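What follows is a short report on a single structure.
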Number of protein chains: 2
Amino acid sequence: MIEITFPDGAVRQYEKGITAQEIAQSISEGLAKKILAAKVNGSVIESSRPIENDATLKLLTWEDPEGKATLWHSSAHLMAEALEAFYPGIKFGYGPPVENGFYYDVDLGGRLLTSEDFKKIETKMAELAAKNNPYIRREILKEEALNYFTEKGDGYKIETIHELKDGEITFYEQGNFTDLCRGPHLPHTGFIKAIKLMNIAGAYWKGDENNKQLTRIYGITFPRQKELDEYLQLLEEAKKRDHRKIGKDLELFIFDDDVGQGMPLWLPNGGAMIEELESLAKRTEERAGYHRVKSPHIAKESMYLKSGHLPFYAESMFPPMDVDGTKYYLKAMNCPHHHKIFSAVPRSYKDLPLRLAEYGTCYRYEQSGELFGLMRVRALNMNDAHIYCSEDQFEAEFRAVNEMYLKYFKIFGIEKYVMRFSTHDPEKLGKKYLDLPELWKKTEDMVRNVLINSDIPYVEVPDEAAFYGPKIDVQIWSVIGREFTLATNQVDFGQPLRFELTFQNKNNEPETPIVIHRAPLGTHERFIGFLIEHYAGNFPLWLAPRQVIILPISDRHLDYAEKILSMLRQERVRVEVDHRSEKIGKKIRDAEIKKIPYMLVVGDKEAQEEMVSVRKHGSGDQGQVSIREFITNINKEATVN
Amino acid sequence: MIEITFPDGAVRQYEKGITAQEIAQSISEGLAKKILAAKVNGSVIESSRPIENDATLKLLTWEDPEGKATLWHSSAHLMAEALEAFYPGIKFGYGPPVENGFYYDVDLGGRLLTSEDFKKIETKMAELAAKNNPYIRREILKEEALNYFTEKGDGYKIETIHELKDGEITFYEQGNFTDLCRGPHLPHTGFIKAIKLMNIAGAYWKGDENNKQLTRIYGITFPRQKELDEYLQLLEEAKKRDHRKIGKDLELFIFDDDVGQGMPLWLPNGGAMIEELESLAKRTEERAGYHRVKSPHIAKESMYLKSGHLPFYAESMFPPMDVDGTKYYLKAMNCPHHHKIFSAVPRSYKDLPLRLAEYGTCYRYEQSGELFGLMRVRALNMNDAHIYCSEDQFEAEFRAVNEMYLKYFKIFGIEKYVMRFSTHDPEKLGKKYLDLPELWKKTEDMVRNVLINSDIPYVEVPDEAAFYGPKIDVQIWSVIGREFTLATNQVDFGQPLRFELTFQNKNNEPETPIVIHRAPLGTHERFIGFLIEHYAGNFPLWLAPRQVIILPISDRHLDYAEKILSMLRQERVRVEVDHRSEKIGKKIRDAEIKKIPYMLVVGDKEAQEEMVSVRKHGSGDQGQVSIREFITNINKEATVN
């Protein structure tokens, strides 16, 4: 008998050689049907492989990232089988699962494949899937493997095998297709119920442009048709809400060739949103006892040698400038500057917690191919702060940070979120992790307590902490169900040591503070990118770049329109006048397209009575009110926090 | 007879060969005594030199910078005479007037001179001055000049003469001292009434460290003793108000070696001031119809080649970073980025004036020897904005900018200010100035009108405009009477052309806008430096980094203190608690030293009655009020604008 430990800590005994599939079956038939793979002692394997010794076990379903990856990986093989049926003799490069689905790079030998061919391939895949062909794993000798692909004439696989050693080579076979593959895979093809090929791209073999260009075919599959339908609907909706498109339509930001890739220029409308977000953050942080600081965007090489970012993080930093023989770097993070501010004056335990906040702009070098709209940029305006505290204060501080997140989630109507809590592995102390076992245990326990007590959904991921402390990655979902990584909260025992930060404790001794890195609103770039999709550009009044547009019925009402403009501007309302000599209907339609929350229609009657006729974006006429009343109403509506 | 044109436009006739001194005499004896030099046809000459042709004339007094410079230049010669009397055989380098006084670099031939010797030299200078020795100008042949200094044995003068040509060499002689000098000088030494030597420094001959180090002796002189007394008092007061000292005492900012020279790190107290200034600027600009934008701190080389900053401004820029083979530069100004934002979307005359504002951080390379506290830095946070307007709109826009200045002057109690209006010289159109004669005339007239109509004190300086338009340098005086250059307003016809900026005018044709560069609050660095001196660190409540400190009478009142802290913090008051177990008297004294505007003393009585005992910085006990009342009062006091 062997002992199997489940994720909830329960331990049960089973016969040696039992499979995860059989264990699931012993629990319920329904569960067994959902098991795509198994995590045994931290490694993902087929659910059909026998377990020979005591082990920890997690049954992986569609809900687990590793479950999805297994389904998609097996789907890549299935697509390969279908492709080979249509195009005998084609050769295969790599075929991995990716963030949404899978791809396979194929050498079609001069044949052309287009999206018009997708339908027949999908149909063939469905047909093959329905056969419930098992994925059969086979350990194979290098020589034998080479023989197989030499006979098949696939030079890509041969090249890959040459990089491997005997004992680490496995083949997977399903139906009529055999592939060189590390696995793991599904028990059989029948788990693949819904299939969609997405698109085609060119891709150099091994990503090297000196190599041959292969055809990369992307696809995605699901264990149920319903999930595919939802996914396609999400894509459709996301396309309409594409932050690049809406960002252009609403004149929020641009990229310019003379400024550089990945560095947005914020136009007035985007600037207004930035101001509102910053102002929200500043109010919130001021009330929570944060202090605002300001630091330059560059520092000397010596700073980053001290922090360890050089040489370890050098690839993500911009190259240096040589000033009078000294190298200066653009900052890729604000922490070293804040540590300098912490140590600028002697600190006592009475000064702690010290919370230093700055909307610092950081510069990170990303490969130009990795840049993507506001989502992946080189200039990052970060809602940054560093909290310096003692061990005693840590739990309360961490709780307060979490509460701030929840407050923001509420303000922005973010209903689905999860915190991914990465912890250390005690066996790797002194190697992968700073050798401070008690501090690790203490802080991880406190973080876990906070998460549990605040009822925040979280998943705990062992052995994924940073070198210097546990961390939390905050995932949020937009209203249409797309996932975004918002921010990372990190606990840091490492940098305070490197910078020799100390405070005088109650016993008059120097003590090293713990640092919490936090940025609940992430960066302007990514967060506004998220908000655009989340609101489809229909921002709440307080955040709307243009809040009010005044629409004079004819040119003779322009004076009155200007008068209202000036009154509203004094109240700091973001307002404009439609000066065009267009019909009022056209003006209203255009204002609707611009997604401006309020339209004020003014004509003879309004001018005479000092009134405005109010229209609300998307909900039409709201009747007449006096200007004063309108101001009171929208001031109330625009109050957030 | 010749015609002399005076600055007010009046023209009078005089005999050919008359001197400025004689003209002054003809007006009044009193005036003649004040004339230190004369500006004839734009060149400064001795007031005793005959005027042979029709000319423009300005009589220069102590009130004119050129008058001061003449007095100080002549004083340098006077000091040289006194030095030579004590130390025969010493040699002389250069001896020019400077911003405050003059210096002379001397080679003492191994002798040592210290500030202890100042008294006797000053006395000797006064004695020589009282002789009313005239400064006698003599044009001299190169050979003769060389002979003179060869005989005297002064290698420095010989070296200088070798760099000159026959026809441009003049000697000036007063009393027993003759110097190689271009002049101009005072009529006689009697104008120098008050003398003070300031300090001694080492200075390499011609600023080259491979040359011999000379002794630089600084001095200052005045036409009246009263002015020297006032100057010394000002220095004394300025020393007490030194922004570097107060900045350190109040924990406003630091410089750090790992960050780099000239790049302040703003500590929480400085950060609070920055926030208040920014917030004032944002409110003011929002109401004035400005839009906020945000741009990266770097741009590609191509941007600065387009703007012309490369190569013309390259020496003031940080060196480039090489990113994937493209050079990127830190921005030294925000305008190019703003121009890109202007041209991001098509603009019509209805969109103008477009006012783009940004607190942009610019980086400028200054020699490390030039850096000085916050006054000369390498990182500049600028209250920047660019106004794009049509010619029609220019005057109104320029007026509004000026009014904003006046508003700020009022807020900060700046009572003395002057605008230095630099205009073009029509003869240099197409050379020193863009060849747009009508636009020059039109905009200069409009600027002049605005200055006159708004009753702003200004001086007009011909032929000192920028290449691309007229400009105004704004000079302000701190409460103790020190002068600061706050900001520059520039009119720009040039960059819009280089960036091909256009808007569609009323005739549906593309037209180039005029740009106004403006930054009324200058940079955070320089303006806060000024404010520290101006207020001696006793900032008004709204600007004070720490507004309120709560002083518990004993430790048992800490809870109540914390309760008030939390209430005030919710109201966004910058508040702290003195947690120390010190006597209340000590706590009050320390709070006074920290210049915190309000102290709230809390003991048993206050806690019981939910009151606070208020003390005001510098004015003592203000009696007891409820917390609510205190909040209402200070909110009122802290309201600015």
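Convention: chains lettered A, B, ... in structure tokens order; per-chain residue numbering from 1; ligands numbered from 1 as shown.
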Dump as JSON lines the rows for residues of chain B within 6 Å of chain A: closest atom pair and distance in Å with one decimal, only C-alpha atoms counted, ordered by chain and rising residue number.
{"residue": "B:Asp258", "atom": "CA", "partner": "A:Met303", "partner_atom": "CA", "distance": 5.0}
{"residue": "B:Val259", "atom": "CA", "partner": "A:Ala299", "partner_atom": "CA", "distance": 4.2}
{"residue": "B:Leu265", "atom": "CA", "partner": "A:Ser295", "partner_atom": "CA", "distance": 4.9}
{"residue": "B:Trp266", "atom": "CA", "partner": "A:Lys294", "partner_atom": "CA", "distance": 5.0}
{"residue": "B:Leu267", "atom": "CA", "partner": "A:Val293", "partner_atom": "CA", "distance": 5.4}
{"residue": "B:Pro268", "atom": "CA", "partner": "A:Val293", "partner_atom": "CA", "distance": 5.1}
{"residue": "B:Gly271", "atom": "CA", "partner": "A:Val293", "partner_atom": "CA", "distance": 4.6}
{"residue": "B:Arg287", "atom": "CA", "partner": "A:Gln570", "partner_atom": "CA", "distance": 5.2}
{"residue": "B:His291", "atom": "CA", "partner": "A:Pro268", "partner_atom": "CA", "distance": 5.4}
{"residue": "B:Arg292", "atom": "CA", "partner": "A:Gly271", "partner_atom": "CA", "distance": 5.3}
{"residue": "B:Val293", "atom": "CA", "partner": "A:Gly271", "partner_atom": "CA", "distance": 4.6}
{"residue": "B:Lys294", "atom": "CA", "partner": "A:Trp266", "partner_atom": "CA", "distance": 5.0}
{"residue": "B:Ser295", "atom": "CA", "partner": "A:Leu265", "partner_atom": "CA", "distance": 4.9}
{"residue": "B:Ala299", "atom": "CA", "partner": "A:Val259", "partner_atom": "CA", "distance": 4.2}
{"residue": "B:Lys300", "atom": "CA", "partner": "A:Val259", "partner_atom": "CA", "distance": 5.4}
{"residue": "B:Ser302", "atom": "CA", "partner": "A:Asp258", "partner_atom": "CA", "distance": 5.7}
{"residue": "B:Met303", "atom": "CA", "partner": "A:Asp258", "partner_atom": "CA", "distance": 5.0}
{"residue": "B:Pro319", "atom": "CA", "partner": "A:Met321", "partner_atom": "CA", "distance": 5.7}
{"residue": "B:Pro320", "atom": "CA", "partner": "A:Met321", "partner_atom": "CA", "distance": 6.0}
{"residue": "B:Met321", "atom": "CA", "partner": "A:Met321", "partner_atom": "CA", "distance": 5.5}
{"residue": "B:Arg569", "atom": "CA", "partner": "A:Arg287", "partner_atom": "CA", "distance": 5.5}
{"residue": "B:Gln570", "atom": "CA", "partner": "A:Arg287", "partner_atom": "CA", "distance": 5.2}
Restricting it to N, CA, C and O atoms, dump the selection as a CSV table (one decimal), in the first residue's frame.
chain,number,residue,atom,x,y,z
B,258,ASP,N,24.8,57.9,-5.0
B,258,ASP,CA,24.5,56.8,-5.9
B,258,ASP,C,23.4,57.3,-6.9
B,258,ASP,O,23.2,56.6,-7.9
B,259,VAL,N,22.7,58.4,-6.6
B,259,VAL,CA,21.7,58.9,-7.6
B,259,VAL,C,22.5,59.8,-8.6
B,259,VAL,O,22.3,59.7,-9.8
B,265,LEU,N,16.6,64.3,-4.4
B,265,LEU,CA,15.6,63.3,-4.0
B,265,LEU,C,14.7,64.1,-3.0
B,265,LEU,O,15.1,64.6,-2.0
B,266,TRP,N,13.4,64.1,-3.3
B,266,TRP,CA,12.5,64.9,-2.5
B,266,TRP,C,11.9,64.0,-1.4
B,266,TRP,O,11.2,63.0,-1.6
B,267,LEU,N,12.3,64.3,-0.1
B,267,LEU,CA,11.8,63.6,1.0
B,267,LEU,C,10.3,63.9,1.2
B,267,LEU,O,9.8,64.8,0.6
B,268,PRO,N,9.6,63.2,2.1
B,268,PRO,CA,8.2,63.4,2.3
B,268,PRO,C,7.8,64.9,2.5
B,268,PRO,O,6.9,65.4,1.9
B,271,GLY,N,8.2,66.5,-0.7
B,271,GLY,CA,7.1,66.0,-1.6
B,271,GLY,C,5.8,66.6,-1.4
B,271,GLY,O,5.0,66.9,-2.3
B,287,ARG,N,-8.8,75.7,-14.8
B,287,ARG,CA,-9.8,76.8,-14.9
B,287,ARG,C,-9.5,77.7,-16.1
B,287,ARG,O,-10.4,78.3,-16.6
B,291,HIS,N,-5.2,71.8,-21.0
B,291,HIS,CA,-5.4,70.4,-20.9
B,291,HIS,C,-4.1,69.7,-20.4
B,291,HIS,O,-3.0,70.1,-20.9
B,292,ARG,N,-4.2,68.7,-19.6
B,292,ARG,CA,-3.0,68.1,-19.1
B,292,ARG,C,-2.7,66.9,-20.1
B,292,ARG,O,-3.5,66.1,-20.5
B,293,VAL,N,-1.4,66.8,-20.4
B,293,VAL,CA,-0.9,65.7,-21.2
B,293,VAL,C,0.2,65.0,-20.4
B,293,VAL,O,0.7,65.5,-19.4
B,294,LYS,N,0.7,63.9,-21.0
B,294,LYS,CA,1.8,63.2,-20.3
B,294,LYS,C,2.7,62.6,-21.3
B,294,LYS,O,2.2,61.9,-22.2
B,295,SER,N,4.0,62.9,-21.2
B,295,SER,CA,4.9,62.3,-22.3
B,295,SER,C,6.1,61.7,-21.6
B,295,SER,O,6.5,62.0,-20.5
B,299,ALA,N,13.3,60.4,-26.0
B,299,ALA,CA,12.8,60.4,-27.4
B,299,ALA,C,14.0,60.0,-28.2
B,299,ALA,O,15.2,60.1,-27.8
B,300,LYS,N,13.7,59.7,-29.5
B,300,LYS,CA,14.8,59.2,-30.4
B,300,LYS,C,15.6,60.4,-30.9
B,300,LYS,O,15.0,61.6,-30.9
B,302,SER,N,16.0,61.3,-33.8
B,302,SER,CA,15.3,61.9,-34.9
B,302,SER,C,14.5,63.1,-34.5
B,302,SER,O,14.3,64.1,-35.2
B,303,MET,N,13.9,62.9,-33.3
B,303,MET,CA,13.1,64.0,-32.7
B,303,MET,C,13.9,65.3,-32.5
B,303,MET,O,13.4,66.4,-32.9
B,319,PRO,N,24.1,62.5,-22.6
B,319,PRO,CA,24.6,61.7,-23.7
B,319,PRO,C,23.5,60.6,-24.1
B,319,PRO,O,22.7,60.2,-23.2
B,320,PRO,N,23.5,60.1,-25.3
B,320,PRO,CA,22.5,59.2,-25.7
B,320,PRO,C,22.6,57.8,-25.2
B,320,PRO,O,23.7,57.4,-24.7
B,321,MET,N,21.5,57.0,-25.3
B,321,MET,CA,21.5,55.6,-25.0
B,321,MET,C,21.3,54.9,-26.3
B,321,MET,O,20.5,55.3,-27.1
B,569,ARG,N,-6.2,63.4,9.6
B,569,ARG,CA,-5.7,62.7,8.4
B,569,ARG,C,-6.9,62.5,7.4
B,569,ARG,O,-6.7,62.6,6.2
B,570,GLN,N,-8.0,62.1,7.9
B,570,GLN,CA,-9.2,61.9,7.0
B,570,GLN,C,-9.5,63.2,6.2
B,570,GLN,O,-10.0,63.2,5.1
Query raised in the report: Neighbours of Asp559 (chain A) within 12 Å (only C-alpha atoms; same-chain residues fewer than 4 positions away dropped), as JSON, numbers by chain?
Result: {"A": [550, 551, 552, 553, 554, 555, 563, 564, 565, 566, 577, 579, 602, 603, 604, 607]}
Would you save the residues from that selection as a JSON list (two decimals), in the first residue's frame, using all heavy atoms?
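Result file follows (result.json):
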[["chain", "number", "residue", "atom", "x", "y", "z"],
["A", 550, "ILE", "N", -21.55, 70.78, -24.71],
["A", 550, "ILE", "CA", -22.67, 71.72, -24.87],
["A", 550, "ILE", "C", -23.00, 71.79, -26.35],
["A", 550, "ILE", "O", -22.12, 72.03, -27.19],
["A", 550, "ILE", "CB", -22.29, 73.10, -24.31],
["A", 550, "ILE", "CG1", -21.85, 72.96, -22.85],
["A", 550, "ILE", "CG2", -23.48, 74.07, -24.42],
["A", 550, "ILE", "CD1", -21.17, 74.19, -22.29],
["A", 551, "LEU", "N", -24.27, 71.57, -26.66],
["A", 551, "LEU", "CA", -24.70, 71.53, -28.05],
["A", 551, "LEU", "C", -25.66, 72.68, -28.35],
["A", 551, "LEU", "O", -26.86, 72.58, -28.05],
["A", 551, "LEU", "CB", -25.39, 70.19, -28.35],
["A", 551, "LEU", "CG", -24.66, 68.92, -27.92],
["A", 551, "LEU", "CD1", -25.49, 67.68, -28.23],
["A", 551, "LEU", "CD2", -23.30, 68.81, -28.59],
["A", 552, "PRO", "N", -25.16, 73.78, -28.90],
["A", 552, "PRO", "CA", -26.07, 74.87, -29.27],
["A", 552, "PRO", "C", -26.94, 74.45, -30.45],
["A", 552, "PRO", "O", -26.44, 73.84, -31.40],
["A", 552, "PRO", "CB", -25.14, 76.02, -29.67],
["A", 552, "PRO", "CG", -23.78, 75.43, -29.77],
["A", 552, "PRO", "CD", -23.77, 74.06, -29.24],
["A", 553, "ILE", "N", -28.23, 74.75, -30.36],
["A", 553, "ILE", "CA", -29.15, 74.34, -31.43],
["A", 553, "ILE", "C", -28.80, 75.05, -32.73],
["A", 553, "ILE", "O", -28.80, 74.45, -33.79],
["A", 553, "ILE", "CB", -30.61, 74.60, -31.01],
["A", 553, "ILE", "CG1", -30.97, 73.58, -29.89],
["A", 553, "ILE", "CG2", -31.57, 74.44, -32.19],
["A", 553, "ILE", "CD1", -32.37, 73.69, -29.35],
["A", 554, "SER", "N", -28.45, 76.34, -32.62],
["A", 554, "SER", "CA", -27.94, 77.01, -33.83],
["A", 554, "SER", "C", -26.83, 77.96, -33.42],
["A", 554, "SER", "O", -26.56, 78.15, -32.23],
["A", 554, "SER", "CB", -29.07, 77.73, -34.56],
["A", 554, "SER", "OG", -29.28, 78.97, -33.92],
["A", 555, "ASP", "N", -26.19, 78.58, -34.42],
["A", 555, "ASP", "CA", -25.04, 79.42, -34.13],
["A", 555, "ASP", "C", -25.39, 80.60, -33.22],
["A", 555, "ASP", "O", -24.53, 81.10, -32.50],
["A", 555, "ASP", "CB", -24.42, 79.96, -35.44],
["A", 555, "ASP", "CG", -23.63, 78.86, -36.15],
["A", 555, "ASP", "OD1", -23.51, 77.76, -35.56],
["A", 555, "ASP", "OD2", -23.16, 79.09, -37.27],
["A", 563, "LYS", "N", -20.99, 80.80, -22.29],
["A", 563, "LYS", "CA", -21.22, 81.24, -20.91],
["A", 563, "LYS", "C", -21.29, 80.02, -19.98],
["A", 563, "LYS", "O", -20.67, 80.00, -18.91],
["A", 563, "LYS", "CB", -22.52, 82.05, -20.85],
["A", 563, "LYS", "CG", -22.79, 82.66, -19.50],
["A", 563, "LYS", "CD", -24.12, 83.40, -19.48],
["A", 563, "LYS", "CE", -24.64, 83.44, -18.06],
["A", 563, "LYS", "NZ", -26.04, 83.90, -18.01],
["A", 564, "ILE", "N", -22.02, 79.01, -20.42],
["A", 564, "ILE", "CA", -22.12, 77.79, -19.61],
["A", 564, "ILE", "C", -20.76, 77.11, -19.52],
["A", 564, "ILE", "O", -20.35, 76.62, -18.46],
["A", 564, "ILE", "CB", -23.16, 76.81, -20.21],
["A", 564, "ILE", "CG1", -24.51, 77.50, -20.36],
["A", 564, "ILE", "CG2", -23.30, 75.58, -19.34],
["A", 564, "ILE", "CD1", -25.52, 76.66, -21.13],
["A", 565, "LEU", "N", -20.07, 77.09, -20.65],
["A", 565, "LEU", "CA", -18.73, 76.49, -20.68],
["A", 565, "LEU", "C", -17.87, 77.09, -19.58],
["A", 565, "LEU", "O", -17.24, 76.38, -18.78],
["A", 565, "LEU", "CB", -18.07, 76.76, -22.04],
["A", 565, "LEU", "CG", -16.62, 76.28, -22.18],
["A", 565, "LEU", "CD1", -16.57, 74.84, -22.67],
["A", 565, "LEU", "CD2", -15.81, 77.16, -23.12],
["A", 566, "SER", "N", -17.88, 78.41, -19.53],
["A", 566, "SER", "CA", -17.01, 79.07, -18.58],
["A", 566, "SER", "C", -17.46, 78.80, -17.13],
["A", 566, "SER", "O", -16.62, 78.59, -16.24],
["A", 566, "SER", "CB", -16.98, 80.56, -18.95],
["A", 566, "SER", "OG", -16.88, 81.33, -17.82],
["A", 577, "VAL", "N", -17.60, 72.78, -26.13],
["A", 577, "VAL", "CA", -18.76, 73.23, -26.90],
["A", 577, "VAL", "C", -18.63, 72.65, -28.31],
["A", 577, "VAL", "O", -17.53, 72.64, -28.87],
["A", 577, "VAL", "CB", -18.80, 74.77, -26.96],
["A", 577, "VAL", "CG1", -19.85, 75.24, -27.98],
["A", 577, "VAL", "CG2", -19.08, 75.38, -25.60],
["A", 579, "HIS", "N", -18.87, 73.54, -31.69],
["A", 579, "HIS", "CA", -18.97, 74.82, -32.40],
["A", 579, "HIS", "C", -19.47, 74.67, -33.82],
["A", 579, "HIS", "O", -19.65, 75.66, -34.52],
["A", 579, "HIS", "CB", -17.58, 75.47, -32.50],
["A", 579, "HIS", "CG", -17.10, 76.06, -31.21],
["A", 579, "HIS", "ND1", -16.18, 75.43, -30.41],
["A", 579, "HIS", "CD2", -17.41, 77.22, -30.59],
["A", 579, "HIS", "CE1", -15.93, 76.19, -29.35],
["A", 579, "HIS", "NE2", -16.66, 77.29, -29.43],
["A", 602, "VAL", "N", -28.77, 73.52, -25.87],
["A", 602, "VAL", "CA", -29.22, 74.87, -25.53],
["A", 602, "VAL", "C", -29.74, 75.60, -26.76],
["A", 602, "VAL", "O", -29.11, 75.64, -27.80],
["A", 602, "VAL", "CB", -28.10, 75.70, -24.85],
["A", 602, "VAL", "CG1", -27.74, 75.09, -23.49],
["A", 602, "VAL", "CG2", -26.85, 75.80, -25.70],
["A", 603, "GLY", "N", -30.94, 76.15, -26.59],
["A", 603, "GLY", "CA", -31.57, 76.93, -27.66],
["A", 603, "GLY", "C", -32.19, 78.19, -27.07],
["A", 603, "GLY", "O", -31.81, 78.61, -25.97],
["A", 604, "ASP", "N", -33.14, 78.77, -27.76],
["A", 604, "ASP", "CA", -33.76, 80.02, -27.30],
["A", 604, "ASP", "C", -34.34, 79.90, -25.90],
["A", 604, "ASP", "O", -34.07, 80.70, -25.02],
["A", 604, "ASP", "CB", -34.88, 80.42, -28.27],
["A", 604, "ASP", "CG", -34.31, 80.86, -29.60],
["A", 604, "ASP", "OD1", -33.14, 81.32, -29.62],
["A", 604, "ASP", "OD2", -35.00, 80.73, -30.63],
["A", 607, "ALA", "N", -31.74, 79.53, -23.18],
["A", 607, "ALA", "CA", -30.99, 80.76, -22.97],
["A", 607, "ALA", "C", -31.83, 81.78, -22.20],
["A", 607, "ALA", "O", -31.35, 82.44, -21.28],
["A", 607, "ALA", "CB", -30.55, 81.35, -24.31]]
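When only C-alpha atoms are used to compute distances to Pro426 (chain B), the closest of the residues B:Pro184, B:Pro462, B:Pro540, B:Gly413 turns out to be B:Pro462.
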Requested in this report: Return the single residue from B:Ala37, B:Cys181, B:Ile588, B:Leu541 that is closest to Lys636 (chain B), with distances computed using only C-alpha atoms.
Outcome: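 Looking at the shortest contact to Lys636 (chain B), the residue is B:Leu541.
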Report task. Excluding region 450-456 of chain B and residues on its chain fewer than 6 positions from it, collect all residues at most 12 Å away from it, counting only C-alpha atoms, and give them as a list in words. Result ->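 Near region 450-456 of chain B, the qualifying residues are Phe394, Glu395, Ala396, Glu397, Phe398, Arg399, Ala400, Val401, Asn402, Glu403, Met404, Tyr405, Leu406, Phe409, Glu415, Lys416, Tyr417, Val418, Met419, Arg420, Phe421, Thr443, Glu444, Ile472, Val474 and Gln475 of chain B.
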Selected residues, N, CA and C atoms, written as a CSV table (one decimal), in the first residue's frame, please.
chain,number,residue,atom,x,y,z
B,394,PHE,N,-3.3,85.6,-30.3
B,394,PHE,CA,-2.0,85.7,-29.6
B,394,PHE,C,-2.1,86.7,-28.4
B,395,GLU,N,-2.6,87.9,-28.7
B,395,GLU,CA,-2.6,88.9,-27.6
B,395,GLU,C,-3.4,88.5,-26.4
B,396,ALA,N,-4.6,87.9,-26.6
B,396,ALA,CA,-5.4,87.5,-25.5
B,396,ALA,C,-4.7,86.4,-24.7
B,397,GLU,N,-4.1,85.5,-25.4
B,397,GLU,CA,-3.4,84.4,-24.8
B,397,GLU,C,-2.2,84.9,-24.0
B,398,PHE,N,-1.5,85.8,-24.6
B,398,PHE,CA,-0.3,86.3,-23.9
B,398,PHE,C,-0.7,87.1,-22.6
B,399,ARG,N,-1.8,87.8,-22.8
B,399,ARG,CA,-2.3,88.6,-21.6
B,399,ARG,C,-2.7,87.6,-20.5
B,400,ALA,N,-3.4,86.5,-20.9
B,400,ALA,CA,-3.8,85.6,-19.8
B,400,ALA,C,-2.6,84.9,-19.1
B,401,VAL,N,-1.6,84.7,-19.9
B,401,VAL,CA,-0.4,84.1,-19.3
B,401,VAL,C,0.2,85.1,-18.2
B,402,ASN,N,0.2,86.3,-18.6
B,402,ASN,CA,0.7,87.4,-17.7
B,402,ASN,C,-0.1,87.5,-16.5
B,403,GLU,N,-1.4,87.4,-16.7
B,403,GLU,CA,-2.3,87.5,-15.5
B,403,GLU,C,-2.1,86.4,-14.6
B,404,MET,N,-1.8,85.2,-15.1
B,404,MET,CA,-1.5,84.1,-14.3
B,404,MET,C,-0.3,84.3,-13.4
B,405,TYR,N,0.8,85.0,-14.0
B,405,TYR,CA,2.0,85.3,-13.2
B,405,TYR,C,1.6,86.2,-12.1
B,406,LEU,N,0.8,87.3,-12.4
B,406,LEU,CA,0.4,88.2,-11.4
B,406,LEU,C,-0.4,87.6,-10.2
B,409,PHE,N,2.1,85.8,-8.1
B,409,PHE,CA,2.9,86.8,-7.4
B,409,PHE,C,2.1,87.1,-6.1
B,415,GLU,N,6.4,90.9,-4.2
B,415,GLU,CA,6.0,92.3,-4.4
B,415,GLU,C,6.9,93.0,-5.4
B,416,LYS,N,8.1,92.6,-5.5
B,416,LYS,CA,9.0,93.2,-6.5
B,416,LYS,C,9.3,92.2,-7.7
B,417,TYR,N,9.0,92.6,-8.9
B,417,TYR,CA,9.3,91.7,-10.0
B,417,TYR,C,9.4,92.6,-11.2
B,418,VAL,N,10.1,92.1,-12.2
B,418,VAL,CA,10.2,92.9,-13.5
B,418,VAL,C,10.3,91.9,-14.6
B,419,MET,N,9.7,92.3,-15.8
B,419,MET,CA,9.8,91.4,-16.9
B,419,MET,C,10.8,92.0,-17.9
B,420,ARG,N,11.8,91.2,-18.3
B,420,ARG,CA,12.8,91.6,-19.2
B,420,ARG,C,12.4,91.1,-20.6
B,421,PHE,N,12.0,92.1,-21.4
B,421,PHE,CA,11.4,91.8,-22.7
B,421,PHE,C,12.5,92.0,-23.8
B,443,THR,N,3.9,90.6,-33.1
B,443,THR,CA,3.9,89.9,-31.8
B,443,THR,C,4.6,90.8,-30.7
B,444,GLU,N,5.7,91.5,-31.2
B,444,GLU,CA,6.4,92.4,-30.2
B,444,GLU,C,5.5,93.5,-29.8
B,472,ILE,N,10.4,86.8,-22.8
B,472,ILE,CA,10.4,87.6,-21.6
B,472,ILE,C,11.1,86.8,-20.5
B,474,VAL,N,11.5,86.5,-16.6
B,474,VAL,CA,10.8,87.1,-15.4
B,474,VAL,C,11.7,87.0,-14.2
B,475,GLN,N,12.0,88.2,-13.7
B,475,GLN,CA,12.9,88.3,-12.5
B,475,GLN,C,12.0,88.6,-11.3
Query - Using only C-alpha atoms: which of B:Cys389, B:Ile631, B:Ile411, B:Ile192 has the shortest distance to Leu280 (chain B) - result: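 Under the stated criterion, the closest residue is B:Ile411.
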